[in-house]
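Peer 1: Sharing a structure, written as structure tokens. Questions coming.
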Amino acid sequence: MGRLAAIALVLLLAVPAGVLAARAPVGSIAFTDARGEITIKGRGVLLARVDRGSLQIVDLTPADQWSPRVNGVPRGRVVGMRGRDVSVFIPGGRFRIVLRGEGLNVSARGQGIVTIEADPDQTGTAGTYAIDDDEMQPLPGIVTRVAYGLDVTLAPVSGASS
């Protein structure tokens with residue numbers, strides 16, 4: 001009888017947890033050929049490539065089983081790198097990543113807040129981005145904060161990109 005009660009208790013606790021997990025909002029954000037600085041504080045999966053520039057990654061959940069990988073090599077809690085053709089894969093967990101340079105291509109799925117500071121080239125092009133299933137749009141000309149996978153309204157960011 002005790003064993004049956006224990007199984008029933010586990011099932012009773014597991015069902016609401018599974019329902020809550022299924023309801024957790026999941027969004028996405030993507031950047032294509034961006035120039036400037038992109039800061040993402042998020043949770044979930046991220047793939048990125050920097051054609052030329054630098055990156056800094058902070059793993060905000062270093063005790064979990066996921067660690068950031070830079071150019072295919074697992075890294076520690078804090079990673080900084082500068083160079084050309086740098087690729088990043090964060091398979092899960094919470095993270096903060098700052099990408100600076102040109103040819104920034106990013107795809108993230110989960111939840112997060114992103115600060116975009118575009119640096120247009122001589123033709124005025126700074127790349128494109130899209131949130132969730134929206135169409136790609138040009139990067140904004142001023143410092144902008146956006147959220148993906150979260151139901152929040154962000155306060156405006158003061159200051160303009162130079």
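Residues in the structure tokens are named by chain (A, B, ... in the order shown) and by number from 1 within that chain; ligands are numbered from 1 in the order shown.
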For segment 45-50 of chain A, find every residue with an atom within 6 Å (counting only C-alpha atoms), except residues of its own chain fewer than 3 positions away, and show them as a PyMOL selection string.
Peer 2: chain A and resi 85-92+103-109
Peer 1: Which residues in segment 25-140 of chain A does DSSP call strand (DSSP E)? List them as number ranges by chain.
Peer 2: A: 27-59, 69-70, 73-74, 78-90, 94-118, 128-131, 137-138
Peer 1: Quick one: residues within 8 Å of segment 128-135 of chain A, only C-alpha atoms, excluding same-chain residues fewer than 4 positions away - as a PyMOL selection string?
Peer 2: chain A and resi 27-34+139+148
Peer 1: List the spatial neighbours of Ile57 of chain A as a ChimeraX atom specification - criterion: any atom at most 7 Å away, only C-alpha atoms, same-chain residues fewer than 3 positions off excluded.
Peer 2: /A:78-80,96-98
Peer 1: Keeping N, CA and C atoms, export the residues of the selection given above as an mmCIF file, in the first residue's frame.
Peer 2:
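Saved result, result36.cif, follows:
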```cif
data_model
loop_
_atom_site.group_PDB
_atom_site.id
_atom_site.type_symbol
_atom_site.label_atom_id
_atom_site.label_comp_id
_atom_site.auth_asym_id
_atom_site.auth_seq_id
_atom_site.Cartn_x
_atom_site.Cartn_y
_atom_site.Cartn_z
ATOM 1 N N VAL A 78 33.810 31.711 -17.953
ATOM 2 C CA VAL A 78 33.987 32.985 -18.649
ATOM 3 C C VAL A 78 34.931 32.771 -19.824
ATOM 4 N N VAL A 79 34.496 33.224 -20.999
ATOM 5 C CA VAL A 79 35.284 33.059 -22.216
ATOM 6 C C VAL A 79 35.391 34.408 -22.906
ATOM 7 N N GLY A 80 36.589 34.769 -23.310
ATOM 8 C CA GLY A 80 36.794 35.968 -24.108
ATOM 9 C C GLY A 80 37.656 35.603 -25.303
ATOM 10 N N ARG A 96 25.226 34.977 -20.687
ATOM 11 C CA ARG A 96 25.324 36.370 -21.134
ATOM 12 C C ARG A 96 26.434 36.383 -22.167
ATOM 13 N N ILE A 97 26.133 36.894 -23.357
ATOM 14 C CA ILE A 97 27.126 36.940 -24.422
ATOM 15 C C ILE A 97 27.135 38.334 -25.028
ATOM 16 N N VAL A 98 28.332 38.837 -25.272
ATOM 17 C CA VAL A 98 28.506 40.122 -25.948
ATOM 18 C C VAL A 98 29.323 39.852 -27.206
#
```
Peer 1: In Å to one decimal, how far is atom CA of Gly36 of chain A from atom CA of Phe95 of chain A?
Peer 2: 19.9 Å
Peer 1: Of the residues A:Met136, A:Gly72, A:Lys41, A:Leu99, which is the one nearest to Leu60 of chain A, using only C-alpha atoms?
Peer 2: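 Using only C-alpha atoms, the shortest distance to Leu60 of chain A belongs to A:Lys41.
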Peer 1: Need to verify the contact set: Ala147 of chain A, 9 Å, only C-alpha atoms, exclusion of same-chain residues closer than 5 positions in sequence. Can you return it as number ranges by chain?
Peer 2: A: 27, 29, 111-115, 131, 152-154
Peer 1: Arg77 of chain A: which residues within 10 Å, counting only C-alpha atoms, same-chain residues fewer than 4 positions away excluded, as a PyMOL selection string?
Peer 2: chain A and resi 57-63+67-68+95
Peer 1: Provide the atom CA of Arg94 of chain A to atom CA of Gly42 of chain A distance in Å, to one decimal place.
Peer 2: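 Between atom CA of Arg94 of chain A and atom CA of Gly42 of chain A the gap works out to 5.7 Å.
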Peer 1: In terms of the shortest atom-to-atom distance over only C-alpha atoms, which of A:Glu37, A:Arg82, A:Arg52, A:Arg43 is closest to Ile142 of chain A?
Peer 2: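 Answer, going by the shortest atom-to-atom distance: A:Glu37.
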Peer 1: Grab the atom CA of Val146 of chain A to atom CA of Ile40 of chain A distance for me, in Å with one decimal place.
Peer 2: 9.6 Å
Peer 1: From segment 1-138 of chain A, collect each residue whose DSSP state is alpha helix (DSSP H) and return the set as a ChimeraX atom specification.
Peer 2: /A:2-23
Peer 1: Suppose we keep N, CA, C and O atoms; can you now write the selection as an mmCIF file, in the first residue's frame?
Peer 2:
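So out_2.cif came out as:
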```cif
data_model
loop_
_atom_site.group_PDB
_atom_site.id
_atom_site.type_symbol
_atom_site.label_atom_id
_atom_site.label_comp_id
_atom_site.auth_asym_id
_atom_site.auth_seq_id
_atom_site.Cartn_x
_atom_site.Cartn_y
_atom_site.Cartn_z
ATOM 1 N N GLY A 2 1.958 1.250 0.758
ATOM 2 C CA GLY A 2 2.856 2.399 0.819
ATOM 3 C C GLY A 2 3.507 2.672 -0.533
ATOM 4 O O GLY A 2 3.721 3.820 -0.923
ATOM 5 N N ARG A 3 3.836 1.588 -1.225
ATOM 6 C CA ARG A 3 4.462 1.745 -2.538
ATOM 7 C C ARG A 3 3.488 2.382 -3.532
ATOM 8 O O ARG A 3 3.858 3.257 -4.309
ATOM 9 N N LEU A 4 2.235 1.986 -3.499
ATOM 10 C CA LEU A 4 1.223 2.556 -4.377
ATOM 11 C C LEU A 4 1.009 4.035 -4.066
ATOM 12 O O LEU A 4 0.881 4.860 -4.985
ATOM 13 N N ALA A 5 1.021 4.381 -2.810
ATOM 14 C CA ALA A 5 0.852 5.783 -2.412
ATOM 15 C C ALA A 5 2.041 6.618 -2.892
ATOM 16 O O ALA A 5 1.876 7.757 -3.340
ATOM 17 N N ALA A 6 3.252 6.065 -2.795
ATOM 18 C CA ALA A 6 4.444 6.786 -3.248
ATOM 19 C C ALA A 6 4.392 7.016 -4.758
ATOM 20 O O ALA A 6 4.714 8.113 -5.236
ATOM 21 N N ILE A 7 3.972 6.021 -5.528
ATOM 22 C CA ILE A 7 3.861 6.171 -6.984
ATOM 23 C C ILE A 7 2.811 7.218 -7.327
ATOM 24 O O ILE A 7 3.016 8.067 -8.195
ATOM 25 N N ALA A 8 1.679 7.185 -6.631
ATOM 26 C CA ALA A 8 0.619 8.162 -6.882
ATOM 27 C C ALA A 8 1.112 9.576 -6.567
ATOM 28 O O ALA A 8 0.817 10.525 -7.299
ATOM 29 N N LEU A 9 1.869 9.736 -5.489
ATOM 30 C CA LEU A 9 2.409 11.045 -5.119
ATOM 31 C C LEU A 9 3.379 11.561 -6.175
ATOM 32 O O LEU A 9 3.329 12.729 -6.564
ATOM 33 N N VAL A 10 4.248 10.691 -6.677
ATOM 34 C CA VAL A 10 5.195 11.092 -7.726
ATOM 35 C C VAL A 10 4.438 11.527 -8.972
ATOM 36 O O VAL A 10 4.757 12.556 -9.581
ATOM 37 N N LEU A 11 3.432 10.746 -9.386
ATOM 38 C CA LEU A 11 2.641 11.117 -10.566
ATOM 39 C C LEU A 11 1.886 12.416 -10.340
ATOM 40 O O LEU A 11 1.792 13.250 -11.240
ATOM 41 N N LEU A 12 1.355 12.606 -9.153
ATOM 42 C CA LEU A 12 0.622 13.832 -8.832
ATOM 43 C C LEU A 12 1.528 15.056 -8.930
ATOM 44 O O LEU A 12 1.120 16.099 -9.428
ATOM 45 N N LEU A 13 2.773 14.924 -8.491
ATOM 46 C CA LEU A 13 3.718 16.038 -8.560
ATOM 47 C C LEU A 13 4.295 16.211 -9.958
ATOM 48 O O LEU A 13 4.595 17.326 -10.375
ATOM 49 N N ALA A 14 4.466 15.125 -10.697
ATOM 50 C CA ALA A 14 5.083 15.197 -12.027
ATOM 51 C C ALA A 14 4.169 15.826 -13.063
ATOM 52 O O ALA A 14 4.628 16.558 -13.939
ATOM 53 N N VAL A 15 2.882 15.582 -13.000
ATOM 54 C CA VAL A 15 1.960 16.116 -14.002
ATOM 55 C C VAL A 15 1.930 17.635 -13.977
ATOM 56 O O VAL A 15 2.103 18.272 -15.014
ATOM 57 N N PRO A 16 1.746 18.308 -12.820
ATOM 58 C CA PRO A 16 1.764 19.775 -12.846
ATOM 59 C C PRO A 16 3.115 20.331 -13.297
ATOM 60 O O PRO A 16 3.162 21.330 -14.001
ATOM 61 N N ALA A 17 4.202 19.692 -12.917
ATOM 62 C CA ALA A 17 5.514 20.177 -13.351
ATOM 63 C C ALA A 17 5.644 20.069 -14.864
ATOM 64 O O ALA A 17 6.158 20.969 -15.521
ATOM 65 N N GLY A 18 5.163 18.998 -15.444
ATOM 66 C CA GLY A 18 5.202 18.831 -16.891
ATOM 67 C C GLY A 18 4.312 19.832 -17.601
ATOM 68 O O GLY A 18 4.670 20.377 -18.636
ATOM 69 N N VAL A 19 3.150 20.112 -17.025
ATOM 70 C CA VAL A 19 2.246 21.097 -17.619
ATOM 71 C C VAL A 19 2.876 22.480 -17.567
ATOM 72 O O VAL A 19 2.837 23.234 -18.530
ATOM 73 N N LEU A 20 3.497 22.841 -16.442
ATOM 74 C CA LEU A 20 4.150 24.142 -16.329
ATOM 75 C C LEU A 20 5.317 24.265 -17.302
ATOM 76 O O LEU A 20 5.519 25.312 -17.902
ATOM 77 N N ALA A 21 6.071 23.194 -17.464
ATOM 78 C CA ALA A 21 7.194 23.228 -18.399
ATOM 79 C C ALA A 21 6.708 23.409 -19.825
ATOM 80 O O ALA A 21 7.320 24.103 -20.622
ATOM 81 N N ALA A 22 5.585 22.795 -20.164
ATOM 82 C CA ALA A 22 5.053 22.913 -21.515
ATOM 83 C C ALA A 22 4.551 24.327 -21.790
ATOM 84 O O ALA A 22 4.535 24.770 -22.923
ATOM 85 N N ARG A 23 4.142 25.043 -20.741
ATOM 86 C CA ARG A 23 3.621 26.392 -20.912
ATOM 87 C C ARG A 23 4.698 27.465 -20.878
ATOM 88 O O ARG A 23 4.403 28.620 -21.120
#
```
Peer 1: Check the smallest atom-to-atom distance from each of A:Gly110, A:Gly53, A:Gly101, A:Pro120 to Arg84 of chain A using only C-alpha atoms, then report the winner.
Peer 2: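 Of the candidates, the smallest distance to Arg84 of chain A is held by A:Gly53.
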